[in-house]
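> Contents of input.cif (mmCIF, C-alpha atoms) are below:
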```cif
data_coords
#
loop_
_atom_site.group_PDB
_atom_site.id
_atom_site.type_symbol
_atom_site.label_atom_id
_atom_site.label_comp_id
_atom_site.auth_asym_id
_atom_site.auth_seq_id
_atom_site.Cartn_x
_atom_site.Cartn_y
_atom_site.Cartn_z
ATOM 1 C CA MET A 866 12.976 9.865 -3.254
ATOM 2 C CA THR A 867 9.995 7.593 -2.837
ATOM 3 C CA GLY A 868 8.721 6.057 0.364
ATOM 4 C CA PRO A 869 8.595 2.374 1.197
ATOM 5 C CA LYS A 870 6.420 0.138 -0.943
ATOM 6 C CA VAL A 871 2.905 -0.338 0.387
ATOM 7 C CA SER A 872 3.424 -4.115 0.364
ATOM 8 C CA ASN A 873 6.392 -3.711 2.737
ATOM 9 C CA LEU A 874 4.208 -1.855 5.234
ATOM 10 C CA LEU A 875 1.114 -4.023 5.109
ATOM 11 C CA PRO A 876 0.703 -6.941 7.465
ATOM 12 C CA THR A 877 1.222 -10.351 5.897
ATOM 13 C CA PRO A 878 -1.751 -12.626 5.177
ATOM 14 C CA GLY A 879 -0.825 -14.689 8.248
ATOM 15 C CA GLN A 880 -0.733 -11.584 10.416
ATOM 16 C CA LEU A 881 -4.140 -10.556 9.093
ATOM 17 C CA ARG A 882 -5.582 -13.997 9.908
ATOM 18 C CA ILE A 883 -4.387 -13.473 13.468
ATOM 19 C CA ALA A 884 -5.836 -9.939 13.509
ATOM 20 C CA ALA A 885 -9.232 -11.234 12.379
ATOM 21 C CA VAL A 886 -9.365 -13.663 15.296
ATOM 22 C CA LEU A 887 -8.102 -11.109 17.826
ATOM 23 C CA ALA A 888 -10.715 -8.622 16.587
ATOM 24 C CA ARG A 889 -13.429 -11.087 17.618
ATOM 25 C CA GLY A 890 -12.170 -10.869 21.202
ATOM 26 C CA LEU A 891 -10.100 -14.010 21.507
ATOM 27 C CA ASP A 892 -6.928 -13.778 23.570
ATOM 28 C CA THR A 893 -3.508 -15.007 22.449
ATOM 29 C CA ALA A 894 -3.991 -18.566 23.693
ATOM 30 C CA ALA A 895 -7.448 -18.968 22.125
ATOM 31 C CA THR A 896 -6.206 -17.400 18.875
ATOM 32 C CA ALA A 897 -3.286 -19.825 18.802
ATOM 33 C CA ALA A 898 -5.604 -22.769 19.409
ATOM 34 C CA GLU A 899 -8.067 -21.699 16.703
ATOM 35 C CA LEU A 900 -5.321 -21.193 14.115
ATOM 36 C CA HIS A 901 -3.292 -24.253 15.220
ATOM 37 C CA LEU A 902 -0.275 -22.124 16.124
ATOM 38 C CA ALA A 903 1.921 -21.822 19.184
ATOM 39 C CA THR A 904 1.130 -18.878 21.457
ATOM 40 C CA GLY A 905 4.669 -17.600 20.880
ATOM 41 C CA THR A 906 4.025 -17.604 17.134
ATOM 42 C CA VAL A 907 0.855 -15.541 17.576
ATOM 43 C CA SER A 908 2.696 -13.071 19.818
ATOM 44 C CA ALA A 909 5.640 -12.813 17.418
ATOM 45 C CA HIS A 910 3.366 -12.227 14.418
ATOM 46 C CA GLN A 911 1.422 -9.607 16.365
ATOM 47 C CA THR A 912 4.617 -7.801 17.320
ATOM 48 C CA MET A 913 5.836 -7.839 13.713
ATOM 49 C CA ALA A 914 2.446 -6.637 12.427
ATOM 50 C CA ASN A 915 2.443 -3.779 14.943
ATOM 51 C CA HIS A 916 5.944 -2.847 13.807
ATOM 52 C CA ARG A 917 4.931 -2.894 10.123
ATOM 53 C CA LEU A 918 2.100 -0.468 10.806
ATOM 54 C CA GLY A 919 4.063 1.589 13.311
ATOM 55 C CA VAL A 920 1.712 1.020 16.250
ATOM 56 C CA ARG A 921 2.392 -0.108 19.802
ATOM 57 C CA HIS A 922 -0.872 -1.751 20.843
ATOM 58 C CA ARG A 923 -3.234 -4.403 19.521
ATOM 59 C CA SER A 924 -6.234 -2.120 19.719
ATOM 60 C CA ALA A 925 -4.516 0.393 17.411
ATOM 61 C CA PHE A 926 -3.535 -2.438 15.071
ATOM 62 C CA ILE A 927 -7.151 -3.634 14.809
ATOM 63 C CA HIS A 928 -8.378 -0.069 14.217
ATOM 64 C CA ALA A 929 -5.734 0.500 11.516
ATOM 65 C CA CYS A 930 -6.769 -2.735 9.798
ATOM 66 C CA TYR A 931 -10.365 -1.497 9.640
ATOM 67 C CA VAL A 932 -9.375 1.980 8.436
ATOM 68 C CA LEU A 933 -7.140 0.514 5.719
ATOM 69 C CA ASN A 934 -9.784 -2.072 4.734
ATOM 70 C CA LEU A 935 -7.432 -4.931 5.576
ATOM 71 C CA LEU A 936 -10.133 -6.603 7.668
ATOM 72 C CA GLY A 937 -13.771 -6.821 6.741
ATOM 73 C CA ARG A 938 -15.565 -4.118 8.674
ATOM 74 C CA PRO A 939 -18.242 -5.258 11.105
ATOM 75 C CA VAL A 940 -21.861 -5.139 10.018
ATOM 76 C CA PRO A 941 -23.398 -1.966 11.504
ATOM 77 C CA ALA A 942 -25.831 -2.473 14.363
ATOM 78 C CA PRO A 943 -27.401 -0.269 17.032
ATOM 79 C CA PRO A 944 -25.447 -0.228 20.273
ATOM 80 C CA PRO A 945 -26.951 -1.971 23.275
ATOM 81 C CA GLY A 946 -28.136 0.270 26.057
ATOM 82 C CA GLY A 947 -28.406 3.369 23.875
ATOM 83 C CA GLY A 948 -24.751 3.867 23.023
ATOM 84 C CA ALA A 949 -21.703 5.078 24.871
ATOM 85 C CA GLU A 950 -21.079 8.086 27.065
ATOM 86 C CA PRO A 951 -18.992 10.850 25.420
ATOM 87 C CA SER A 952 -16.101 10.095 27.793
ATOM 88 C CA ASP A 953 -16.228 6.415 26.784
ATOM 89 C CA VAL A 954 -16.171 7.381 23.112
ATOM 90 C CA GLU A 955 -13.076 9.499 23.668
ATOM 91 C CA ILE A 956 -11.356 6.666 25.555
ATOM 92 C CA LEU A 957 -12.098 4.313 22.649
ATOM 93 C CA TRP A 958 -10.691 6.817 20.178
ATOM 94 C CA ARG A 959 -7.538 7.264 22.253
ATOM 95 C CA LEU A 960 -6.977 3.490 22.356
ATOM 96 C CA ALA A 961 -7.760 3.157 18.635
ATOM 97 C CA LEU A 962 -5.197 5.865 17.896
ATOM 98 C CA ASP A 963 -2.501 4.015 19.889
ATOM 99 C CA ASP A 964 -2.517 5.747 23.265
ATOM 100 C CA SER A 965 -1.419 3.666 26.226
ATOM 101 C CA HIS A 966 -3.788 3.496 29.186
ATOM 102 C CA PRO A 967 -1.905 6.252 31.054
ATOM 103 C CA GLU A 968 -1.850 8.441 27.927
ATOM 104 C CA ALA A 969 -5.566 7.921 27.308
ATOM 105 C CA ALA A 970 -6.391 8.633 30.941
ATOM 106 C CA ALA A 971 -4.330 11.839 30.904
ATOM 107 C CA HIS A 972 -5.885 12.990 27.617
ATOM 108 C CA CYS A 973 -9.382 12.362 28.991
ATOM 109 C CA ARG A 974 -8.487 13.966 32.341
ATOM 110 C CA LEU A 975 -9.243 10.781 34.258
ATOM 111 C CA SER A 976 -7.312 8.909 36.867
ATOM 112 C CA ALA A 977 -6.009 5.505 35.822
ATOM 113 C CA THR A 978 -8.574 3.916 38.116
ATOM 114 C CA ALA A 979 -11.448 5.952 36.678
ATOM 115 C CA MET A 980 -10.434 5.055 33.140
ATOM 116 C CA GLN A 981 -10.223 1.350 34.005
ATOM 117 C CA HIS A 982 -13.682 1.604 35.544
ATOM 118 C CA ARG A 983 -15.061 3.261 32.378
ATOM 119 C CA LEU A 984 -13.497 0.540 30.186
ATOM 120 C CA GLN A 985 -14.860 -2.246 32.396
ATOM 121 C CA SER A 986 -18.304 -0.674 32.368
ATOM 122 C CA LEU A 987 -18.304 -0.344 28.579
ATOM 123 C CA ARG A 988 -17.014 -3.907 28.151
ATOM 124 C CA LYS A 989 -19.863 -5.138 30.329
ATOM 125 C CA GLN A 990 -22.484 -3.019 28.514
ATOM 126 C CA TRP A 991 -21.294 -4.203 25.089
ATOM 127 C CA ASN A 992 -20.388 -7.735 26.201
ATOM 128 C CA ALA A 993 -16.831 -7.243 24.925
ATOM 129 C CA ALA A 994 -14.170 -9.790 25.780
ATOM 130 C CA ASN A 995 -11.246 -7.342 25.694
ATOM 131 C CA GLU A 996 -10.044 -4.057 24.189
ATOM 132 C CA CYS A 997 -9.551 -5.437 20.670
ATOM 133 C CA HIS A 998 -13.155 -6.576 20.800
ATOM 134 C CA LEU A 999 -14.177 -3.109 22.054
ATOM 135 C CA ILE A 1000 -12.522 -1.586 18.973
ATOM 136 C CA THR A 1001 -14.444 -3.985 16.719
ATOM 137 C CA LEU A 1002 -17.696 -3.214 18.514
ATOM 138 C CA GLY A 1003 -16.903 0.501 18.328
ATOM 139 C CA TRP A 1004 -16.836 0.095 14.545
ATOM 140 C CA ARG A 1005 -20.001 -2.036 14.576
ATOM 141 C CA TYR A 1006 -21.916 0.526 16.655
ATOM 142 C CA GLY A 1007 -20.718 3.532 14.645
ATOM 143 C CA VAL A 1008 -18.649 4.977 17.491
ATOM 144 C CA LEU A 1009 -15.362 4.474 15.617
ATOM 145 C CA ASN A 1010 -14.779 4.977 11.918
ATOM 146 C CA ALA A 1011 -12.097 6.145 9.494
ATOM 147 C CA SER A 1012 -12.737 9.860 10.160
ATOM 148 C CA ARG A 1013 -9.710 10.343 12.411
ATOM 149 C CA GLY A 1014 -7.504 8.152 10.278
ATOM 150 C CA THR A 1015 -4.910 5.912 11.770
ATOM 151 C CA PRO A 1016 -2.238 6.370 14.393
ATOM 152 C CA GLY A 1017 1.049 7.813 13.250
ATOM 153 C CA HIS A 1018 2.443 9.529 10.179
ATOM 154 C CA GLN A 1019 3.530 6.250 8.559
ATOM 155 C CA LEU A 1020 -0.012 4.900 8.602
ATOM 156 C CA ASN A 1021 -1.485 8.135 7.270
ATOM 157 C CA GLN A 1022 0.884 7.886 4.294
ATOM 158 C CA LEU A 1023 -0.050 4.233 3.868
ATOM 159 C CA ASN A 1024 -3.731 5.130 3.987
ATOM 160 C CA GLN A 1025 -3.204 7.699 1.233
ATOM 161 C CA GLN A 1026 -1.283 5.163 -0.872
ATOM 162 C CA THR A 1027 -3.903 2.441 -0.476
ATOM 163 C CA GLN A 1028 -6.638 4.947 -1.431
ATOM 164 C CA ARG A 1029 -4.858 5.451 -4.776
ATOM 165 C CA ILE A 1030 -4.560 1.738 -5.549
#
```
Please render this file's structure as structure tokens.


Amino acid sequence: MTGPKVSNLLPTPGQLRIAAVLARGLDTAATAAELHLATGTVSAHQTMANHRLGVRHRSAFIHACYVLNLLGRPVPAPPPGGGAEPSDVEILWRLALDDSHPEAAAHCRLSATAMQHRLQSLRKQWNAANECHLITLGWRYGVLNASRGTPGHQLNQLNQQTQRI
């Protein structure tokens, strides 16, 4: 028995256009305005794209798109302020690999408040608009990469299939 076709698991071109805008840090309303779509359409496409890749959160979707080369990877650059603290790097990885905030906080042995503070501090240091933008900047600054793969078994299989194509 063979698995699902790669094309059935990949986001559609429209979903990838939305992902590219979200990755730059625009929110749903700004993304809708830029692409001349209704906000409900952007949200629906995002939900369907997450479902196709088997992820729950936008940050994991953006990371998976970079890992699978579905979005152009950011041009590498040195991080501002000398980089990120090890705890910040682990938080970014947890979000990239589809942890919720409570899951990431528990994994990193932080309170929810402490994790929010770390995210806010990193967003300020990197001038990131939101968590999707943090994921993009994590790739730009060499903090995130394809080394840990993508969230979930389905995406790991997809990654293997796309490597063979």

> Pick the closest to Gly947 in chain A from A:Arg1005, A:Ile883, A:Trp991, A:Gly890: which is it, counting all atoms listed in the file?

A:Trp991

> Could you expand the PyMOL selection byres ((chain A and resi 946) around 12) into the explicit residues it covers here, written as a ChimeraX atom specification?

/A:943-945,947-950,986-987,989-992,1006

> Tell me which residues the PyMOL selection byres ((chain A and resi 907-914) around 12) grabs here, as a PyMOL selection string.

chain A and resi 873-887+891-906+915-927+929-930

> Using the chain letters and numbering of this document, enumerate as a list in words the residues selected by the PyMOL selection byres ((chain A and resi 1012) around 12).

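The output of the PyMOL selection byres ((chain A and resi 1012) around 12) on this file is His928, Ala929, Tyr931, Val932, Leu933, Trp958, Ala961, Leu962, Trp1004, Gly1007, Val1008, Leu1009, Asn1010, Ala1011, Arg1013, Gly1014, Thr1015, Pro1016, Asn1021 and Asn1024 of chain A.
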
> With C-alpha atoms retained, could you export that selection as a short mmCIF file (atom, residue, chain, number, x, y, z; two decimals), in the frame of the given file?


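Result file is again.cif:
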```cif
data_model
loop_
_atom_site.label_atom_id
_atom_site.label_comp_id
_atom_site.auth_asym_id
_atom_site.auth_seq_id
_atom_site.Cartn_x
_atom_site.Cartn_y
_atom_site.Cartn_z
CA HIS A 928 -8.38 -0.07 14.22
CA ALA A 929 -5.73 0.50 11.52
CA TYR A 931 -10.36 -1.50 9.64
CA VAL A 932 -9.38 1.98 8.44
CA LEU A 933 -7.14 0.51 5.72
CA TRP A 958 -10.69 6.82 20.18
CA ALA A 961 -7.76 3.16 18.64
CA LEU A 962 -5.20 5.86 17.90
CA TRP A 1004 -16.84 0.10 14.54
CA GLY A 1007 -20.72 3.53 14.64
CA VAL A 1008 -18.65 4.98 17.49
CA LEU A 1009 -15.36 4.47 15.62
CA ASN A 1010 -14.78 4.98 11.92
CA ALA A 1011 -12.10 6.14 9.49
CA ARG A 1013 -9.71 10.34 12.41
CA GLY A 1014 -7.50 8.15 10.28
CA THR A 1015 -4.91 5.91 11.77
CA PRO A 1016 -2.24 6.37 14.39
CA ASN A 1021 -1.48 8.14 7.27
CA ASN A 1024 -3.73 5.13 3.99
#
```

> Work out how far apart CA of Cys997 in chain A and CA of Ala888 in chain A are and give it in Å to one decimal.

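If I compute the distance from CA of Cys997 in chain A to CA of Ala888 in chain A, I get 5.3 Å.
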
> Report, in Å to a single decimal, how far apart CA of Glu955 in chain A and CA of Gly937 in chain A are.

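These atoms are spaced 23.5 Å apart.
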
> Measure the distance from CA of Leu936 in chain A to CA of Arg983 in chain A in Å and round it to one decimal.

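According to the coordinates, CA of Leu936 in chain A and CA of Arg983 in chain A are separated by 27.1 Å.
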
> Measuring between all atoms listed in the file, which one of A:Ala993, A:Ser965, A:Ile956, A:Thr1001 shows the shortest distance to Met980 in chain A?

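With all atoms listed in the file as the atom set, the closest residue is A:Ile956.
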
> Would you mind telling me which residue in A:Arg889, A:Asp953, A:Ala970, A:Asn934 lies nearest to Ala994 in chain A when using all atoms listed in the file?

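Checking each of A:Arg889, A:Asp953, A:Ala970, A:Asn934 against Ala994 in chain A, counting all atoms listed in the file, the winner is A:Arg889.
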